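Structure file target.txt; described as compact mmCIF, C-alpha atoms.
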```txt
# COMPACT_ATOMS: atom_id res chain seq x y z
CA ALA X 230 11.60 2.76 14.84
CA GLN X 231 10.84 -0.18 12.61
CA LYS X 232 12.51 -3.49 13.18
CA VAL X 233 12.07 -7.02 11.88
CA THR X 234 13.59 -9.96 13.72
CA GLN X 235 13.99 -13.42 12.26
CA ALA X 236 15.62 -15.26 15.12
CA GLN X 237 16.17 -18.49 13.18
CA THR X 238 19.34 -18.14 11.13
CA GLU X 239 19.22 -21.61 9.57
CA ILE X 240 16.75 -24.47 9.70
CA SER X 241 17.35 -27.95 8.35
CA VAL X 242 14.52 -30.42 7.84
CA VAL X 243 13.94 -33.65 6.00
CA GLU X 244 11.58 -33.67 3.06
CA LYS X 245 7.89 -33.94 3.98
CA GLU X 246 8.41 -32.40 7.40
CA ASP X 247 6.44 -29.28 8.32
CA VAL X 248 8.49 -26.21 9.14
CA THR X 249 7.61 -22.80 10.62
CA LEU X 250 9.67 -19.69 10.03
CA ASP X 251 9.28 -17.05 12.72
CA CYS X 252 9.04 -13.30 12.20
CA VAL X 253 8.62 -10.68 14.92
CA TYR X 254 8.28 -7.02 14.06
CA GLU X 255 8.30 -3.65 15.81
CA THR X 256 6.59 -0.51 14.63
CA ARG X 257 4.94 2.53 16.17
CA ASP X 258 2.47 2.85 13.33
CA THR X 259 -1.02 1.47 13.61
CA THR X 260 -1.18 0.82 9.89
CA TYR X 261 1.53 -1.09 8.12
CA TYR X 262 2.24 -3.89 5.68
CA LEU X 263 4.07 -7.16 6.19
CA PHE X 264 5.68 -9.26 3.49
CA TRP X 265 7.44 -12.55 2.94
CA TYR X 266 9.95 -12.97 0.12
CA LYS X 267 11.80 -16.09 -1.01
CA GLN X 268 15.37 -16.06 -2.29
CA PRO X 269 16.17 -19.37 -4.01
CA PRO X 270 19.77 -20.38 -4.78
CA SER X 271 19.51 -18.50 -8.08
CA GLY X 272 19.57 -15.31 -6.01
CA GLU X 273 16.55 -13.30 -7.17
CA LEU X 274 14.03 -12.39 -4.47
CA VAL X 275 10.48 -13.45 -5.21
CA PHE X 276 7.36 -12.10 -3.50
CA LEU X 277 5.25 -14.62 -1.57
CA ILE X 278 2.63 -12.71 0.40
CA ARG X 279 1.58 -9.28 1.64
CA ARG X 280 -0.61 -8.61 4.63
CA ASN X 281 -1.89 -5.26 5.91
CA SER X 282 -2.27 -4.53 9.60
CA PHE X 283 -6.06 -4.50 9.43
CA ASP X 284 -6.28 -8.02 8.13
CA GLU X 285 -5.42 -10.61 10.75
CA GLN X 286 -7.05 -13.41 8.88
CA ASN X 287 -4.66 -16.28 8.37
CA GLU X 288 -4.00 -17.36 4.84
CA ILE X 289 -3.31 -20.68 3.20
CA SER X 290 -1.95 -21.08 -0.30
CA GLY X 291 -1.24 -24.65 -1.23
CA ARG X 292 1.48 -25.92 1.11
CA TYR X 293 2.15 -22.41 2.45
CA SER X 294 0.29 -20.76 5.31
CA TRP X 295 0.78 -17.56 7.23
CA ASN X 296 -0.22 -16.73 10.81
CA PHE X 297 -0.49 -13.00 11.56
CA GLN X 298 -1.00 -12.03 15.21
CA LYS X 299 -0.96 -8.34 16.10
CA SER X 300 -1.10 -9.12 19.81
CA THR X 301 2.36 -10.71 19.65
CA SER X 302 3.63 -8.67 16.66
CA SER X 303 4.33 -11.85 14.76
CA PHE X 304 3.86 -12.95 11.17
CA ASN X 305 4.96 -16.57 10.96
CA PHE X 306 5.22 -18.68 7.83
CA THR X 307 4.61 -22.42 7.72
CA ILE X 308 5.49 -24.82 4.94
CA THR X 309 3.59 -28.09 5.11
CA ALA X 310 5.16 -31.26 3.71
CA SER X 311 8.36 -29.47 2.74
CA GLN X 312 10.09 -30.27 -0.54
CA VAL X 313 13.68 -29.91 -1.69
CA VAL X 314 12.59 -27.03 -3.95
CA ASP X 315 11.61 -25.09 -0.82
CA SER X 316 15.31 -24.76 0.06
CA ALA X 317 15.96 -21.03 0.03
CA VAL X 318 16.45 -17.98 2.20
CA TYR X 319 13.17 -16.49 3.36
CA PHE X 320 12.85 -12.84 4.30
CA CYS X 321 10.16 -11.18 6.36
CA ALA X 322 9.71 -7.45 5.74
CA LEU X 323 7.77 -4.49 7.14
CA SER X 324 6.63 -1.24 5.59
CA GLU X 325 4.66 1.56 7.18
CA THR X 326 1.66 2.89 5.27
CA GLY X 327 2.59 6.02 3.39
CA GLY X 328 6.27 5.26 3.73
CA PHE X 329 8.69 4.66 0.91
CA LYS X 330 10.95 2.18 2.61
CA THR X 331 10.71 -1.48 3.49
CA ILE X 332 12.70 -2.95 6.36
CA PHE X 333 13.88 -6.52 5.85
CA GLY X 334 14.74 -9.09 8.47
CA ALA X 335 18.09 -10.87 8.31
CA GLY X 336 16.50 -13.90 6.67
CA THR X 337 16.16 -17.57 7.56
CA ARG X 338 18.01 -20.10 5.43
CA LEU X 339 15.96 -23.26 5.01
CA PHE X 340 17.60 -26.52 3.96
CA VAL X 341 15.26 -29.33 2.93
CA LYS X 342 17.07 -32.64 2.58
CA ALA X 343 15.76 -35.47 0.46
CA ASN M 239 8.19 -8.57 -20.19
CA ALA M 240 11.71 -8.48 -18.73
CA GLY M 241 10.84 -6.93 -15.33
CA VAL M 242 13.93 -5.56 -13.56
CA THR M 243 17.23 -6.04 -15.35
CA GLN M 244 20.60 -5.54 -13.68
CA THR M 245 24.02 -5.49 -15.29
CA PRO M 246 26.64 -6.74 -14.79
CA LYS M 247 25.99 -9.97 -12.90
CA PHE M 248 29.51 -10.18 -11.53
CA ARG M 249 32.36 -7.73 -11.20
CA ILE M 250 35.73 -7.57 -9.50
CA LEU M 251 37.13 -4.13 -8.74
CA LYS M 252 40.42 -2.96 -7.38
CA ILE M 253 40.43 -0.58 -4.42
CA GLY M 254 39.89 2.97 -5.61
CA GLN M 255 38.30 2.08 -8.93
CA SER M 256 34.88 3.35 -9.94
CA MET M 257 31.96 1.66 -11.60
CA THR M 258 28.28 1.98 -12.33
CA LEU M 259 25.75 -0.74 -11.68
CA GLN M 260 22.94 -0.52 -14.18
CA CYS M 261 19.26 -1.12 -13.42
CA THR M 262 16.35 -0.91 -15.84
CA GLN M 263 12.70 -1.77 -15.37
CA ASP M 264 9.98 -2.03 -18.00
CA MET M 265 6.93 -2.03 -15.74
CA ASN M 266 6.53 1.77 -15.63
CA HIS M 267 7.02 1.72 -11.87
CA ASN M 268 7.53 5.04 -10.13
CA TYR M 269 9.51 3.69 -7.20
CA MET M 270 12.96 2.17 -7.51
CA TYR M 271 15.40 0.96 -4.89
CA TRP M 272 18.98 -0.16 -4.44
CA TYR M 273 19.82 -2.63 -1.71
CA ARG M 274 22.96 -4.39 -0.64
CA GLN M 275 22.92 -7.85 0.86
CA ASP M 276 25.71 -8.92 3.15
CA PRO M 277 25.88 -12.46 4.56
CA GLY M 278 23.45 -12.91 7.43
CA MET M 279 22.45 -9.25 7.38
CA GLY M 280 19.37 -9.16 5.21
CA LEU M 281 18.90 -6.31 2.78
CA LYS M 282 19.97 -2.78 3.56
CA LEU M 283 18.55 0.13 1.59
CA ILE M 284 21.20 2.28 -0.09
CA TYR M 285 19.12 4.77 -2.10
CA TYR M 286 15.62 5.00 -3.41
CA SER M 287 13.69 7.08 -5.92
CA VAL M 288 10.02 8.00 -6.03
CA GLY M 289 10.11 9.15 -9.64
CA ALA M 290 12.28 10.60 -12.36
CA GLY M 291 14.49 13.35 -10.98
CA ILE M 292 13.82 12.49 -7.33
CA THR M 293 16.18 10.41 -5.19
CA ASP M 294 16.84 10.06 -1.48
CA LYS M 295 19.20 8.28 0.87
CA GLY M 296 18.43 5.01 2.55
CA GLU M 297 20.16 3.40 5.53
CA VAL M 298 23.65 2.96 4.05
CA PRO M 299 24.27 5.63 1.36
CA ASN M 300 27.92 6.45 2.06
CA GLY M 301 30.21 5.68 -0.84
CA TYR M 302 27.40 5.56 -3.40
CA ASN M 303 25.55 7.91 -5.70
CA VAL M 304 22.44 7.53 -7.83
CA SER M 305 20.55 9.37 -10.51
CA ARG M 306 17.10 8.94 -12.02
CA SER M 307 16.83 10.74 -15.32
CA THR M 308 14.11 8.46 -16.68
CA THR M 309 11.36 6.32 -15.19
CA GLU M 310 13.05 3.18 -16.48
CA ASP M 311 16.66 3.62 -15.33
CA PHE M 312 18.21 3.90 -11.88
CA PRO M 313 21.99 3.47 -12.02
CA LEU M 314 24.12 3.14 -8.87
CA ARG M 315 27.58 4.68 -8.91
CA LEU M 316 30.53 3.62 -6.77
CA GLU M 317 33.18 6.34 -6.93
CA LEU M 318 36.11 5.00 -4.94
CA ALA M 319 35.61 1.32 -4.33
CA ALA M 320 36.54 -0.02 -0.90
CA PRO M 321 36.64 -3.61 0.41
CA SER M 322 33.64 -2.78 2.63
CA GLN M 323 31.58 -2.45 -0.55
CA THR M 324 32.05 -6.12 -1.38
CA SER M 325 28.47 -7.33 -1.41
CA VAL M 326 25.56 -8.45 -3.55
CA TYR M 327 23.56 -5.53 -4.89
CA PHE M 328 19.89 -5.73 -5.76
CA CYS M 329 17.77 -3.27 -7.65
CA ALA M 330 14.01 -3.35 -7.13
CA SER M 331 10.96 -1.45 -8.29
CA SER M 332 7.37 -1.03 -7.18
CA TRP M 333 4.27 0.79 -8.30
CA ALA M 334 3.09 2.36 -5.07
CA GLY M 335 5.93 2.73 -2.63
CA GLY M 336 6.57 0.77 0.54
CA LYS M 337 3.10 -0.75 0.78
CA ASP M 338 3.47 -2.34 -2.60
CA ILE M 339 5.13 -5.54 -3.76
CA GLN M 340 8.70 -5.03 -4.87
CA TYR M 341 10.08 -6.72 -7.98
CA PHE M 342 13.76 -7.53 -7.80
CA GLY M 343 16.52 -7.89 -10.33
CA ALA M 344 18.83 -10.91 -10.33
CA GLY M 345 21.54 -9.06 -8.43
CA THR M 346 25.14 -7.98 -9.03
CA ARG M 347 27.87 -9.75 -7.09
CA LEU M 348 30.69 -7.26 -6.51
CA SER M 349 34.10 -7.98 -5.02
CA VAL M 350 36.53 -5.20 -4.18
CA LEU M 351 40.10 -6.44 -3.75
```
Could the structure of this file be written out as structure tokens, please?
Amino acid sequence: AQKVTQAQTEISVVEKEDVTLDCVYETRDTTYYLFWYKQPPSGELVFLIRRNSFDEQNEISGRYSWNFQKSTSSFNFTITASQVVDSAVYFCALSETGGFKTIFGAGTRLFVKA
Amino acid sequence: NAGVTQTPKFRILKIGQSMTLQCTQDMNHNYMYWYRQDPGMGLKLIYYSVGAGITDKGEVPNGYNVSRSTTEDFPLRLELAAPSQTSVYFCASSWAGGKDIQYFGAGTRLSVL
């Protein structure tokens, strides 16, 4: 069965600190997709990144970076030099190739204080 | 390009009342989804559709019904509202199923009192 665990319920940091959001997943499939979505206070979920199981290359996009490690079934998300606008709930999600459904983690609420 | 549009944004229902949450997308996506978001619980899939005329249950379908008569529209029906259905409801769509990026509506905040 698929499962996504985001053990950090809430994280609070001061602006300009780096912060890492953890995501651990379980799946029996050898091919699958992983996602991160951001839910700002306005409420609408916004896509951040997708990674397929064949691509373990880490990715950096501006202040955001993602570390995908199949050996530990983890797909962690780091924000460098956090800003107040990064305050949001972040969801990690998993979908098996050929499947119709996406399983979401419970989310991590990030507070960035000025 | 409006994306995914949900109406209403907020609604208060009395126990036993019925209502329909509307969802429309203008991206010609085949796949559409309804989720509910409870505090600290992430998103749970209620129903999904892989195309017009085809729907299937997700993780938490009890108390809900859906239909998909057109590619654009995917309404969610609550027949006999119960307090347990108090939640935030999100509609989403994607082009190619689970492996694809999902585009979400702004959500409907529903309270059943």
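Going from atom CA of Ile332 of chain X over to atom CA of Ser294 of chain X, you cover 21.7 Å.
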For this session: Give me the residues within 7 Å of Thr331 of chain X as a list of chain:residue names, counting all atoms listed in the file and dropping any in the same chain fewer than 3 places off.
Result: X:Ala322, X:Leu323, X:Ser324, M:Gly336
For this session: Return as a ChimeraX atom specification the residues belonging to chain M that are within 12 Å of chain X, counting only C-alpha atoms.
Result: /M:241-244,247,268-289,293-297,326-347
Problem set entry | Residue neighbourhood Ser307 of chain M, 10 Å, all atoms listed in the file, exclusion window fewer than 4 positions, as a ChimeraX atom specification | /M:289-292,311-313
Exercise. In Å, how far is it from atom CA of Lys267 of chain X to atom CA of Ala317 of chain X?
Worked result: 6.5 Å
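Interatomic distance, atom CA of Ser322 of chain M to atom CA of Gln231 of chain X: 25.0 Å.
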Problem set entry | Polymer residues at most 7 Å from Glu285 of chain X, all atoms listed in the file, same-chain spacing of 2 or more positions, as a PyMOL selection string | chain X and resi 282-283+287+297-298
